[in-house]
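Participant: So here's protein-v1.txt (compact mmCIF, C-alpha atoms).
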```
# COMPACT_ATOMS: atom_id res chain seq x y z
CA MET A 76 -24.12 -6.12 -14.55
CA SER A 77 -25.79 -4.22 -11.81
CA THR A 78 -27.92 -1.65 -13.49
CA PRO A 79 -30.62 -0.15 -11.30
CA ALA A 80 -33.19 -2.22 -13.19
CA THR A 81 -31.78 -5.53 -11.98
CA LYS A 82 -31.56 -4.26 -8.45
CA GLN A 83 -34.87 -5.78 -7.43
CA GLU A 84 -34.06 -9.26 -8.70
CA THR A 85 -30.56 -9.61 -7.34
CA PRO A 86 -30.21 -7.57 -4.18
CA LEU A 87 -26.98 -9.45 -3.55
CA THR A 88 -25.36 -7.64 -6.45
CA LEU A 89 -26.08 -4.22 -5.03
CA GLU A 90 -24.74 -5.36 -1.70
CA THR A 91 -21.66 -6.66 -3.52
CA PHE A 92 -21.05 -3.17 -4.81
CA THR A 93 -21.78 -1.21 -1.66
CA ALA A 94 -19.76 -3.49 0.62
CA GLY A 95 -16.54 -1.98 -0.65
CA LEU A 96 -17.72 1.56 -0.10
CA TRP A 97 -18.18 1.50 3.62
CA LYS A 98 -18.63 -1.80 5.45
CA GLU A 99 -15.50 -3.40 4.00
CA ASN A 100 -13.73 -0.23 2.96
CA PRO A 101 -10.26 -1.34 1.85
CA ILE A 102 -8.38 1.35 3.74
CA PHE A 103 -10.43 2.31 6.74
CA VAL A 104 -11.68 -1.16 7.65
CA MET A 105 -9.39 -3.74 6.07
CA MET A 106 -6.16 -1.68 6.09
CA LEU A 107 -5.12 -2.90 2.66
CA GLY A 108 -3.06 -0.92 0.21
CA LEU A 109 -1.65 1.59 2.64
CA CYS A 110 1.50 2.51 0.77
CA PRO A 111 -0.07 4.42 -2.13
CA THR A 112 -2.66 5.76 0.28
CA LEU A 113 -0.12 7.70 2.24
CA ALA A 114 2.38 8.46 -0.46
CA VAL A 115 0.27 10.19 -3.10
CA THR A 116 -2.44 11.88 -1.05
CA ASN A 117 -0.68 15.20 -0.54
CA THR A 118 -3.12 16.82 -2.95
CA LEU A 119 -6.67 15.92 -3.94
CA THR A 120 -5.75 15.76 -7.64
CA ASN A 121 -3.09 13.12 -7.04
CA SER A 122 -5.47 11.16 -4.82
CA LEU A 123 -8.17 11.05 -7.47
CA ALA A 124 -5.71 10.12 -10.22
CA MET A 125 -4.31 7.31 -8.09
CA GLY A 126 -7.85 6.18 -7.32
CA ALA A 127 -8.77 6.11 -11.00
CA ALA A 128 -5.64 4.12 -11.87
CA THR A 129 -6.36 1.64 -9.11
CA ILE A 130 -9.98 1.22 -10.19
CA PHE A 131 -8.83 0.48 -13.72
CA VAL A 132 -6.32 -2.14 -12.61
CA LEU A 133 -8.66 -3.64 -10.04
CA VAL A 134 -11.63 -4.01 -12.38
CA GLY A 135 -9.56 -5.14 -15.35
CA SER A 136 -7.52 -7.73 -13.51
CA ASN A 137 -10.44 -9.06 -11.49
CA ALA A 138 -12.54 -9.39 -14.63
CA LEU A 139 -9.78 -11.32 -16.39
CA ILE A 140 -9.02 -13.51 -13.38
CA SER A 141 -12.68 -14.27 -12.86
CA GLY A 142 -13.14 -15.09 -16.52
CA LEU A 143 -10.15 -17.42 -16.49
CA ARG A 144 -10.81 -18.95 -13.09
CA HIS A 145 -11.60 -22.39 -14.50
CA PHE A 146 -8.40 -22.47 -16.54
CA ILE A 147 -5.86 -21.27 -13.99
CA PRO A 148 -4.23 -24.20 -12.17
CA LYS A 149 -4.51 -23.94 -8.41
CA GLN A 150 -0.79 -24.42 -7.77
CA ILE A 151 0.43 -21.44 -9.76
CA ARG A 152 -2.56 -19.14 -9.26
CA ILE A 153 -0.74 -16.44 -7.27
CA THR A 154 1.98 -16.14 -9.91
CA THR A 155 -0.65 -15.97 -12.63
CA TYR A 156 -2.57 -13.27 -10.76
CA ILE A 157 0.59 -11.21 -10.30
CA ILE A 158 1.43 -11.45 -13.99
CA ILE A 159 -2.11 -10.42 -14.99
CA ILE A 160 -2.04 -7.51 -12.55
CA ALA A 161 1.40 -6.44 -13.74
CA THR A 162 0.11 -6.36 -17.33
CA PHE A 163 -2.70 -4.00 -16.41
CA VAL A 164 -0.37 -1.83 -14.35
CA THR A 165 2.01 -1.53 -17.29
CA LEU A 166 -0.96 -0.44 -19.41
CA VAL A 167 -2.04 2.22 -16.94
CA ASP A 168 1.55 3.34 -16.44
CA TYR A 169 1.97 4.15 -20.13
CA LEU A 170 -1.59 5.55 -20.29
CA ILE A 171 -0.96 8.15 -17.57
CA GLN A 172 2.40 8.99 -19.10
CA ALA A 173 0.60 9.71 -22.37
CA ILE A 174 -2.24 11.71 -20.83
CA SER A 175 -0.39 13.93 -18.39
CA LEU A 176 3.34 13.95 -17.82
CA ASP A 177 2.99 16.28 -14.82
CA LEU A 178 0.69 13.83 -13.10
CA TYR A 179 3.04 10.98 -13.98
CA ASN A 180 5.97 12.78 -12.38
CA ALA A 181 3.92 13.68 -9.31
CA LEU A 182 2.87 10.10 -8.71
CA GLY A 183 6.37 8.80 -9.34
CA ALA A 184 7.08 5.12 -8.83
CA PHE A 185 3.76 4.61 -7.12
CA ILE A 186 1.89 3.89 -10.33
CA GLN A 187 4.11 0.88 -10.95
CA LEU A 188 3.84 -0.06 -7.31
CA ILE A 189 0.11 -0.70 -7.82
CA VAL A 190 1.32 -4.21 -8.67
CA VAL A 191 2.10 -4.92 -5.04
CA ASN A 192 -0.99 -3.17 -3.69
CA CYS A 193 -2.28 -5.92 -1.41
CA LEU A 194 -5.84 -4.80 -2.11
CA ILE A 195 -5.72 -6.00 -5.72
CA LEU A 196 -4.11 -9.36 -5.08
CA GLY A 197 -6.30 -9.80 -2.02
CA ARG A 198 -9.49 -9.26 -4.00
CA ALA A 199 -8.26 -11.55 -6.78
CA GLU A 200 -7.59 -14.35 -4.32
CA ALA A 201 -10.55 -13.83 -2.02
CA PHE A 202 -13.28 -12.88 -4.46
CA ALA A 203 -12.57 -13.01 -8.20
CA SER A 204 -11.18 -16.55 -8.11
CA LYS A 205 -14.42 -17.85 -6.61
CA ASN A 206 -17.20 -15.75 -8.12
CA SER A 207 -18.84 -15.16 -11.47
CA PHE A 208 -17.59 -12.60 -13.95
CA ASN A 209 -20.37 -10.09 -13.32
CA LYS A 210 -20.14 -10.26 -9.57
CA SER A 211 -16.37 -9.90 -9.63
CA VAL A 212 -16.51 -6.82 -11.82
CA VAL A 213 -19.18 -5.20 -9.66
CA SER A 214 -17.35 -6.02 -6.46
CA ALA A 215 -14.05 -4.77 -7.85
CA ALA A 216 -15.71 -1.52 -8.91
CA GLY A 217 -17.17 -1.10 -5.44
CA MET A 218 -13.82 -1.74 -3.81
CA GLY A 219 -12.13 0.65 -6.19
CA VAL A 220 -14.64 3.40 -5.51
CA GLY A 221 -14.27 2.80 -1.78
CA PHE A 222 -10.49 3.02 -2.13
CA THR A 223 -10.80 6.26 -4.11
CA PHE A 224 -13.20 7.63 -1.50
CA ALA A 225 -10.66 6.94 1.23
CA LEU A 226 -7.86 8.52 -0.82
CA ALA A 227 -10.04 11.58 -1.38
CA CYS A 228 -10.73 11.80 2.37
CA LEU A 229 -7.02 11.88 3.07
CA GLY A 230 -6.10 14.05 0.10
CA SER A 231 -8.66 16.74 0.77
CA VAL A 232 -7.68 17.09 4.42
CA ARG A 233 -3.98 17.12 3.69
CA GLU A 234 -4.29 19.64 0.88
CA LEU A 235 -6.63 21.83 2.92
CA LEU A 236 -4.43 21.89 5.99
CA GLY A 237 -1.10 21.68 4.26
CA SER A 238 -1.37 24.27 1.52
CA GLY A 239 -4.58 26.09 2.42
CA LYS A 240 -6.49 25.13 -0.70
CA LEU A 241 -10.02 23.71 -0.75
CA LEU A 242 -11.06 26.39 1.69
CA GLY A 243 -14.35 26.12 3.50
CA PHE A 244 -14.18 22.39 3.97
CA GLN A 245 -13.25 21.91 7.58
CA VAL A 246 -12.96 18.54 9.22
CA PHE A 247 -10.87 18.97 12.33
CA SER A 248 -11.85 22.43 13.47
CA ASP A 249 -9.99 23.16 16.68
CA ASN A 250 -6.87 21.11 16.92
CA PHE A 251 -5.42 21.77 13.50
CA GLU A 252 -3.95 24.90 11.97
CA PRO A 253 -2.60 25.29 8.43
CA TRP A 254 0.53 23.17 8.62
CA VAL A 255 3.18 22.53 6.02
CA VAL A 256 3.84 19.28 7.82
CA MET A 257 0.54 17.96 6.48
CA ILE A 258 1.85 17.63 2.94
CA LEU A 259 5.11 16.16 4.24
CA PRO A 260 5.32 12.45 5.17
CA PRO A 261 4.35 12.74 8.86
CA GLY A 262 1.10 14.44 7.87
CA GLY A 263 0.03 11.34 5.98
CA PHE A 264 0.39 9.12 9.01
CA ILE A 265 -1.28 11.63 11.30
CA VAL A 266 -4.25 12.29 9.01
CA LEU A 267 -4.82 8.59 8.38
CA GLY A 268 -4.57 7.94 12.12
CA SER A 269 -7.13 10.64 12.78
CA TRP A 270 -9.53 9.23 10.20
CA LEU A 271 -9.15 5.77 11.67
CA LEU A 272 -9.89 7.06 15.16
CA LEU A 273 -12.89 8.96 13.83
CA PHE A 274 -14.26 5.92 12.04
CA LYS A 275 -13.69 3.77 15.08
CA TRP A 276 -15.77 6.26 17.04
CA LEU A 277 -18.47 6.27 14.37
CA GLU A 278 -18.48 2.48 14.31
CA GLN A 279 -19.79 2.42 17.85
CA ARG A 280 -22.97 4.04 16.60
CA ARG A 281 -23.08 2.28 13.25
CA THR A 282 -25.74 -0.28 14.05
CA ARG A 283 -28.35 2.38 14.60
CA LYS A 284 -27.25 4.14 11.43
CA ILE A 285 -27.58 1.06 9.22
CA ILE A 286 -31.13 0.44 10.38
CA ARG A 287 -32.03 4.04 9.66
CA THR A 288 -30.52 4.04 6.14
CA ASP A 289 -32.15 0.73 5.41
CA ALA A 290 -35.56 2.08 6.27
CA ALA A 291 -34.98 5.23 4.26
CA THR A 292 -33.81 3.55 1.06
CA HIS A 293 -36.45 0.85 0.92
CA CYS A 294 -39.31 3.17 1.93
CA THR A 295 -40.97 0.36 3.82
CA VAL A 296 -43.51 0.69 6.57
CA ARG A 297 -40.81 -0.10 9.09
CA GLN A 298 -40.07 3.43 10.24
CA ASN A 299 -39.37 3.92 13.88
CA PRO A 300 -37.56 7.17 14.49
CA MET B 72 29.82 14.27 -7.16
CA GLN B 73 29.79 14.11 -3.40
CA THR B 74 26.03 13.49 -3.14
CA GLU B 75 26.24 10.29 -5.16
CA SER B 76 28.97 8.64 -3.08
CA LEU B 77 28.26 5.19 -1.74
CA SER B 78 28.16 6.23 1.89
CA TYR B 79 25.78 9.06 1.07
CA LEU B 80 23.46 6.68 -0.77
CA PHE B 81 23.49 4.30 2.16
CA LEU B 82 22.81 7.02 4.73
CA SER B 83 20.19 8.64 2.55
CA ALA B 84 18.18 5.45 2.22
CA PHE B 85 18.85 4.53 5.85
CA LEU B 86 17.88 7.75 7.64
CA ILE B 87 17.04 10.74 5.48
CA ASN B 88 14.67 9.09 3.04
CA ASN B 89 13.77 6.20 5.31
CA PHE B 90 11.73 3.80 3.22
CA VAL B 91 8.95 3.35 5.71
CA LEU B 92 8.73 6.69 7.40
CA ALA B 93 9.51 9.09 4.58
CA MET B 94 8.63 7.22 1.39
CA PHE B 95 5.74 5.08 2.61
CA LEU B 96 7.04 1.83 1.21
CA GLY B 97 6.45 -1.46 2.99
CA LEU B 98 3.71 -0.22 5.27
CA CYS B 99 1.74 -3.47 5.33
CA PRO B 100 4.47 -5.49 7.07
CA PHE B 101 5.30 -2.37 9.09
CA VAL B 102 1.81 -2.38 10.60
CA GLY B 103 1.46 -6.16 10.56
CA THR B 104 4.69 -7.36 12.13
CA SER B 105 5.65 -4.57 14.51
CA ALA B 106 3.70 -5.81 17.50
CA LYS B 107 6.59 -7.78 19.04
CA ARG B 108 10.26 -6.87 19.00
CA ASN B 109 11.51 -10.35 18.11
CA THR B 110 9.32 -10.67 15.04
CA ALA B 111 10.31 -7.16 14.05
CA ILE B 112 14.01 -8.03 14.17
CA ASN B 113 13.51 -11.23 12.16
CA MET B 114 11.34 -9.50 9.60
CA GLY B 115 13.86 -6.69 9.25
CA MET B 116 16.67 -9.14 8.63
CA ALA B 117 14.72 -11.19 6.10
CA THR B 118 13.62 -8.10 4.21
CA THR B 119 17.12 -6.64 4.06
CA PHE B 120 18.45 -9.93 2.76
CA VAL B 121 15.86 -10.28 0.00
CA MET B 122 16.18 -6.60 -0.84
CA LEU B 123 19.91 -6.95 -1.51
CA ILE B 124 19.45 -10.05 -3.66
CA SER B 125 16.55 -8.69 -5.69
CA SER B 126 18.34 -5.40 -6.16
CA VAL B 127 21.32 -7.18 -7.72
CA CYS B 128 18.98 -9.30 -9.87
CA ALA B 129 17.01 -6.24 -10.96
CA TYR B 130 20.24 -4.52 -11.98
CA GLY B 131 21.15 -7.45 -14.22
CA ILE B 132 17.67 -7.72 -15.70
CA ASN B 133 17.50 -4.05 -16.45
CA ALA B 134 20.79 -4.22 -18.30
CA VAL B 135 19.49 -7.08 -20.46
CA LEU B 136 16.10 -5.48 -21.10
CA THR B 137 17.63 -2.14 -22.01
CA ARG B 138 20.04 -3.82 -24.41
CA TYR B 139 17.19 -5.50 -26.31
CA GLN B 140 14.87 -2.47 -25.93
CA LEU B 141 12.24 -4.36 -23.97
CA GLU B 142 11.68 -1.74 -21.26
CA PHE B 143 7.92 -2.30 -21.23
CA LEU B 144 8.56 -5.75 -19.78
CA ARG B 145 10.48 -4.29 -16.85
CA LEU B 146 7.70 -4.34 -14.29
CA ILE B 147 6.57 -7.88 -15.09
CA SER B 148 10.09 -9.27 -15.04
CA TYR B 149 10.95 -7.49 -11.79
CA ILE B 150 7.98 -8.90 -9.97
CA ALA B 151 8.65 -12.37 -11.35
CA VAL B 152 12.31 -12.15 -10.34
CA ILE B 153 11.44 -11.01 -6.83
CA ALA B 154 9.02 -13.89 -6.38
CA ALA B 155 11.66 -16.28 -7.67
CA ALA B 156 14.36 -14.73 -5.48
CA VAL B 157 12.20 -15.15 -2.40
CA GLN B 158 11.61 -18.80 -3.28
CA LEU B 159 15.31 -19.32 -3.88
CA VAL B 160 16.34 -17.66 -0.64
CA GLU B 161 13.83 -19.79 1.20
CA MET B 162 15.19 -23.01 -0.30
CA ILE B 163 18.84 -22.07 0.24
CA LEU B 164 18.21 -21.10 3.84
CA LYS B 165 16.33 -24.30 4.49
CA LYS B 166 19.24 -26.31 3.11
CA PHE B 167 22.22 -24.48 4.58
CA SER B 168 20.93 -22.66 7.64
CA PRO B 169 17.87 -24.31 9.15
CA VAL B 170 18.18 -22.15 12.29
CA LEU B 171 17.82 -18.88 10.44
CA SER B 172 15.13 -20.38 8.23
CA ARG B 173 13.09 -21.37 11.27
CA ALA B 174 13.59 -17.96 12.85
CA LEU B 175 12.22 -16.18 9.80
CA GLY B 176 9.37 -18.64 9.38
CA ILE B 177 6.29 -17.38 7.60
CA TYR B 178 7.73 -13.91 6.98
CA LEU B 179 9.99 -15.02 4.20
CA PRO B 180 7.27 -15.91 1.62
CA LEU B 181 5.27 -12.85 2.60
CA ILE B 182 8.12 -10.59 1.53
CA THR B 183 7.11 -11.08 -2.10
CA THR B 184 4.25 -8.64 -1.67
CA ASN B 185 6.33 -6.12 0.25
CA CYS B 186 6.30 -3.00 -1.88
CA ALA B 187 9.62 -1.82 -0.43
CA ILE B 188 11.40 -4.58 -2.38
CA LEU B 189 9.85 -3.65 -5.71
CA GLY B 190 10.30 0.00 -4.72
CA VAL B 191 14.06 -0.41 -4.37
CA ALA B 192 14.26 -2.08 -7.77
CA LEU B 193 12.15 0.58 -9.47
CA ILE B 194 13.85 3.55 -7.81
CA GLN B 195 17.37 2.36 -8.55
CA THR B 196 16.33 1.91 -12.19
CA ALA B 197 14.70 5.33 -12.35
CA LYS B 198 17.76 7.02 -10.85
CA GLY B 199 20.15 5.04 -13.04
CA TYR B 200 22.45 3.80 -10.27
CA ASP B 201 25.40 1.64 -11.25
CA PHE B 202 26.05 -1.73 -9.67
CA MET B 203 27.83 -0.62 -6.48
CA GLN B 204 25.40 2.26 -5.97
CA SER B 205 22.48 -0.16 -6.27
CA VAL B 206 23.99 -2.40 -3.63
CA ALA B 207 24.66 0.51 -1.25
CA PHE B 208 21.18 1.90 -1.84
CA SER B 209 19.40 -1.39 -1.21
CA ALA B 210 21.52 -2.13 1.88
CA GLY B 211 20.60 1.27 3.28
CA ALA B 212 16.96 0.81 2.43
CA GLY B 213 16.88 -2.59 4.12
CA ALA B 214 18.65 -1.32 7.21
CA GLY B 215 16.27 1.63 7.36
CA PHE B 216 13.28 -0.66 7.08
CA ALA B 217 14.61 -2.83 9.91
CA LEU B 218 15.33 0.24 12.05
CA ALA B 219 11.83 1.65 11.61
CA LEU B 220 10.28 -1.74 12.32
CA ILE B 221 12.28 -2.28 15.52
CA LEU B 222 11.67 1.26 16.81
CA MET B 223 7.96 0.88 16.17
CA ALA B 224 7.85 -2.51 17.89
CA GLY B 225 9.51 -1.03 20.96
CA LEU B 226 6.96 1.76 21.08
CA ARG B 227 4.03 -0.60 20.63
CA GLU B 228 5.25 -2.87 23.40
CA LYS B 229 5.23 0.12 25.74
CA LEU B 230 1.78 1.05 24.48
CA GLU B 231 0.37 -2.31 25.53
CA LEU B 232 0.91 -1.33 29.14
CA ALA B 233 -0.71 2.08 28.83
CA ASN B 234 -4.30 2.73 29.77
CA MET B 235 -5.98 4.06 26.63
CA PRO B 236 -9.59 4.89 25.69
CA GLY B 237 -11.57 2.34 23.68
CA ILE B 238 -11.44 3.96 20.27
CA THR B 239 -7.65 3.74 20.16
CA GLN B 240 -7.66 -0.06 20.20
CA ALA B 241 -7.52 -0.28 16.41
CA ALA B 242 -4.73 0.71 14.05
CA GLY B 243 -5.48 4.42 14.39
CA LEU B 244 -3.11 4.93 17.27
CA SER B 245 -0.32 3.01 15.53
CA MET B 246 -0.64 5.41 12.63
CA MET B 247 -0.39 8.39 14.97
CA LEU B 248 2.72 6.86 16.54
CA ALA B 249 4.21 6.31 13.11
CA GLY B 250 3.49 9.95 12.32
CA ILE B 251 5.42 11.11 15.36
CA LEU B 252 8.26 8.74 14.52
CA SER B 253 8.25 10.12 10.99
CA LEU B 254 8.43 13.67 12.37
CA THR B 255 11.54 12.82 14.33
CA PHE B 256 13.13 11.27 11.25
CA MET B 257 12.60 14.54 9.41
CA GLY B 258 15.25 15.91 11.72
CA PHE B 259 17.80 13.90 9.73
CA ALA B 260 17.01 15.98 6.65
CA GLY B 261 19.85 18.34 7.60
CA LEU B 262 22.33 15.53 6.99
CA GLY B 263 21.39 15.45 3.34
CA GLY B 264 20.84 19.18 3.01
CA SER B 265 24.45 20.05 3.77
CA ALA B 266 25.83 17.51 1.31
CA ALA B 267 23.47 18.42 -1.53
```
Now that the file is in, can you turn its structure into structure tokens?
Facilitator:
Amino acid sequence: MSTPATKQETPLTLETFTAGLWKENPIFVMMLGLCPTLAVTNTLTNSLAMGAATIFVLVGSNALISGLRHFIPKQIRITTYIIIIATFVTLVDYLIQAISLDLYNALGAFIQLIVVNCLILGRAEAFASKNSFNKSVVSAAGMGVGFTFALACLGSVRELLGSGKLLGFQVFSDNFEPWVVMILPPGGFIVLGSWLLLFKWLEQRRTRKIIRTDAATHCTVRQNP
Amino acid sequence: MQTESLSYLFLSAFLINNFVLAMFLGLCPFVGTSAKRNTAINMGMATTFVMLISSVCAYGINAVLTRYQLEFLRLISYIAVIAAAVQLVEMILKKFSPVLSRALGIYLPLITTNCAILGVALIQTAKGYDFMQSVAFSAGAGAGFALALILMAGLREKLELANMPGITQAAGLSMMLAGILSLTFMGFAGLGGSAA
């Protein structure tokens, strides 16, 4: 596992974790798993709950798939993955129902629809089926956190603009006024579109940024401001 | 009750609660296959077809599972049935209608991971629709999916010709377009409001 202590020996592992946060962010970069992204992000609470559920399913299923990767026959691997994922989703479905019925009703069918979240199957096929147990778990956790981060981005903006909560956190200052439409379906598309445009704009300056963060985190002599 | 009539269910899934634009189901193919109008039409047809079949299957399965009190297996059996239904449809089409099969091409197997299909099955179970209601609901949902896909493809074809700044090259602008489309579909809400 990637505890900070092992960071020096296996830098690849840390990179495995952080890739999902920003560089390969499932929503903003890879555009995977859009359906729950838009459907449940009308408040920040729902976004975080959905994120937590997805992290659980993602880590659990990727761990199991990675552990069983030598035993799963190649021909029926997709079916096997789907069944494993569906098992974890059923678990989380009953778990949320037991913890908070309000939350369960707010999220609706979208907890069960985690099964067909392309992010989870995509990671199972592209990463967990080829990599070691530890790496798969770390990568899945990174992807899950990145997914939750993106959900929180959407949820906070939509809740702020749509119902006026979370005051003081302003993202789009001039063009947006408190709008009920933000918590309705069109708001989801518009907010996600805005984030995507913003990140596209940021991407044009990303190269400089990466060099700067690199220098800051490693505290090397290579500092050229 | 008037609101539960078959035509209302169809219209509701078709326009008022459009699966793509109001309920956010099936967004991956919506973004992925709406670049050209022809692919959009084919994809819409294939999805509607599979949706109808899997909806009927899901109705049968739910009846069996409820009878033996195995509700916790619902999700797993639905997803397995949908995957099997897609395979079956693919084989039948290849045997009896090679033309249609060729037209749908790669989109048919990809439908398995379309969350609109599983969404129809789960929603009809949650609402407790009977057999005919399930069929009307899934037909409406499929038609609504096809409609949204074709509209979006038309818009994106126009967009190709427009002169846009660099940052709008990615999916961001498509999302904005979908938002505007979704806003217009909210105008249909009055149709349901008067009946309910």
Participant: Within 10 Å of chain B, which residues of chain A come that close, and what is the closest atom pair and distance in Å for each? Count all atoms listed in the file and give it as a tab-separated table.
Facilitator:
```
residue	atom	partner	partner_atom	distance
A:Phe103	CA	B:Gly243	CA	9.4
A:Val104	CA	B:Ala242	CA	9.6
A:Met106	CA	B:Cys99	CA	8.1
A:Leu107	CA	B:Cys99	CA	7.4
A:Gly108	CA	B:Cys99	CA	7.5
A:Leu109	CA	B:Leu98	CA	6.2
A:Cys110	CA	B:Phe95	CA	5.3
A:Pro111	CA	B:Phe95	CA	7.5
A:Thr112	CA	B:Phe95	CA	8.7
A:Leu113	CA	B:Phe95	CA	6.4
A:Ala114	CA	B:Phe95	CA	5.7
A:Val115	CA	B:Phe95	CA	9.4
A:Thr154	CA	B:Ala151	CA	7.8
A:Ile157	CA	B:Ile150	CA	7.7
A:Ile158	CA	B:Ile147	CA	6.4
A:Ile159	CA	B:Ile147	CA	9.0
A:Ile160	CA	B:Ile147	CA	9.0
A:Ala161	CA	B:Ile147	CA	5.5
A:Thr162	CA	B:Ile147	CA	7.0
A:Val164	CA	B:Leu146	CA	8.5
A:Thr165	CA	B:Leu146	CA	7.0
A:Leu166	CA	B:Phe143	CA	9.3
A:Asp168	CA	B:Phe143	CA	9.8
A:Tyr169	CA	B:Phe143	CA	8.8
A:Gly183	CA	B:Ile194	CA	9.3
A:Ala184	CA	B:Leu193	CA	6.8
A:Phe185	CA	B:Gly190	CA	8.4
A:Gln187	CA	B:Leu146	CA	7.2
A:Leu188	CA	B:Cys186	CA	6.6
A:Ile189	CA	B:Cys186	CA	8.9
A:Val190	CA	B:Ile150	CA	8.2
A:Val191	CA	B:Thr184	CA	5.5
A:Asn192	CA	B:Cys186	CA	7.5
A:Cys193	CA	B:Thr184	CA	7.1
A:Leu196	CA	B:Thr184	CA	9.1
A:Val256	CA	B:Leu254	CA	8.6
A:Leu259	CA	B:Ala93	CA	8.3
A:Pro260	CA	B:Ala93	CA	5.4
A:Pro261	CA	B:Gly250	CA	4.5
A:Gly262	CA	B:Gly250	CA	6.8
A:Gly263	CA	B:Gly250	CA	7.4
A:Phe264	CA	B:Gly250	CA	4.6
A:Ile265	CA	B:Met247	CA	5.0
A:Val266	CA	B:Met247	CA	8.1
A:Leu267	CA	B:Met246	CA	6.8
A:Gly268	CA	B:Gly243	CA	4.3
A:Ser269	CA	B:Gly243	CA	6.6
A:Trp270	CA	B:Gly243	CA	7.6
A:Leu271	CA	B:Gly243	CA	4.8
A:Leu272	CA	B:Gly243	CA	5.2
A:Leu273	CA	B:Ile238	CA	8.3
A:Phe274	CA	B:Ile238	CA	8.9
A:Lys275	CA	B:Ile238	CA	5.7
A:Trp276	CA	B:Ile238	CA	5.9
A:Leu277	CA	B:Ile238	CA	9.5
A:Glu278	CA	B:Ile238	CA	9.3
A:Gln279	CA	B:Ile238	CA	8.8
```
Participant: My list of candidates is B:Ala106, B:Leu136, B:Ala192, B:Val121. Which is closest to Glu161 in chain B when distances are computed with only C-alpha atoms?
Facilitator: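 Distance minimum relative to Glu161 in chain B lands on B:Val121.
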Participant: Go ahead and compute the interatomic distance for CA of Phe85 in chain B and CA of Ala212 in chain B, in Å to one decimal.
Facilitator: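 Going from CA of Phe85 in chain B over to CA of Ala212 in chain B covers 5.4 Å.
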Participant: Between A:Ile147, A:Leu236, A:Ala203, A:Val220, which one has atoms that come closest to Ala128 in chain A, using all atoms listed in the file?
Facilitator: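 Ranking A:Ile147, A:Leu236, A:Ala203, A:Val220 by distance to Ala128 in chain A, first place goes to A:Val220.
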Participant: What does the distance from CA of Gly135 in chain A to CA of Phe163 in chain A come to in Å, to one decimal?
Facilitator: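 Result for CA of Gly135 in chain A versus CA of Phe163 in chain A: 7.0 Å, one decimal.
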Participant: In Å, rounded to a single decimal, give me how far CA of Gly115 in chain B is from CA of Leu86 in chain B.
Facilitator: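 Answer for the CA of Leu86 in chain B to CA of Gly115 in chain B separation: 15.1 Å.
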Participant: Please provide as a compact mmCIF listing (two decimals) with C-alpha atoms, keeping the file's coordinate frame all residues within 7 Å of range 123-126 of chain A, with the sequence filter that same-chain residues fewer than 6 positions apart are discarded (counting only C-alpha atoms).
Facilitator:
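Once everything was written out, this is result-v3.txt:
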```txt
# COMPACT_ATOMS: atom_id res chain seq x y z
CA PHE A 222 -10.49 3.02 -2.13
CA THR A 223 -10.80 6.26 -4.11
CA LEU A 226 -7.86 8.52 -0.82
CA ALA A 227 -10.04 11.58 -1.38
```
Participant: May I ask which of the residues A:Ser204, A:Ser214, A:Asn100, A:Thr118 is the closest one to Gly230 in chain A, counting all atoms listed in the file?
Facilitator: A:Thr118
Participant: Leaving out Ser205 in chain B and any residue of its chain fewer than 6 positions from it, which residues lie within 9 Å of it when counting only C-alpha atoms, given as number ranges by chain?
Facilitator: B: 80, 123, 126-127, 130, 191-192, 195-196, 199
Participant: Would you mind exporting C-alpha atoms of the selected residues as a PDB file, in the coordinates of the input?
Facilitator:
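As a result, part.pdb now contains:
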```
ATOM      1  CA  LEU B  80      23.460   6.680  -0.770  1.00  0.00           C
ATOM      2  CA  LEU B 123      19.910  -6.950  -1.510  1.00  0.00           C
ATOM      3  CA  SER B 126      18.340  -5.400  -6.160  1.00  0.00           C
ATOM      4  CA  VAL B 127      21.320  -7.180  -7.720  1.00  0.00           C
ATOM      5  CA  TYR B 130      20.240  -4.520 -11.980  1.00  0.00           C
ATOM      6  CA  VAL B 191      14.060  -0.410  -4.370  1.00  0.00           C
ATOM      7  CA  ALA B 192      14.260  -2.080  -7.770  1.00  0.00           C
ATOM      8  CA  GLN B 195      17.370   2.360  -8.550  1.00  0.00           C
ATOM      9  CA  THR B 196      16.330   1.910 -12.190  1.00  0.00           C
ATOM     10  CA  GLY B 199      20.150   5.040 -13.040  1.00  0.00           C
TER      11      GLY B 199
END
```
Participant: Since the input is missing atoms, can you rebuild N, CA and C atoms for range 162-166 of chain A and write them as a JSON list (two decimals), keeping the file's coordinate frame?
Facilitator:
```json
[["chain", "number", "residue", "atom", "x", "y", "z"],
["A", 162, "THR", "N", 0.44, -6.77, -15.96],
["A", 162, "THR", "CA", 0.11, -6.36, -17.33],
["A", 162, "THR", "C", -0.77, -5.12, -17.31],
["A", 163, "PHE", "N", -1.81, -5.15, -16.46],
["A", 163, "PHE", "CA", -2.70, -4.00, -16.41],
["A", 163, "PHE", "C", -1.99, -2.76, -15.86],
["A", 164, "VAL", "N", -1.09, -2.97, -14.90],
["A", 164, "VAL", "CA", -0.37, -1.83, -14.35],
["A", 164, "VAL", "C", 0.54, -1.21, -15.41],
["A", 165, "THR", "N", 1.18, -2.06, -16.22],
["A", 165, "THR", "CA", 2.01, -1.53, -17.29],
["A", 165, "THR", "C", 1.17, -0.69, -18.24],
["A", 166, "LEU", "N", -0.04, -1.19, -18.55],
["A", 166, "LEU", "CA", -0.96, -0.44, -19.41],
["A", 166, "LEU", "C", -1.24, 0.94, -18.83]]
```
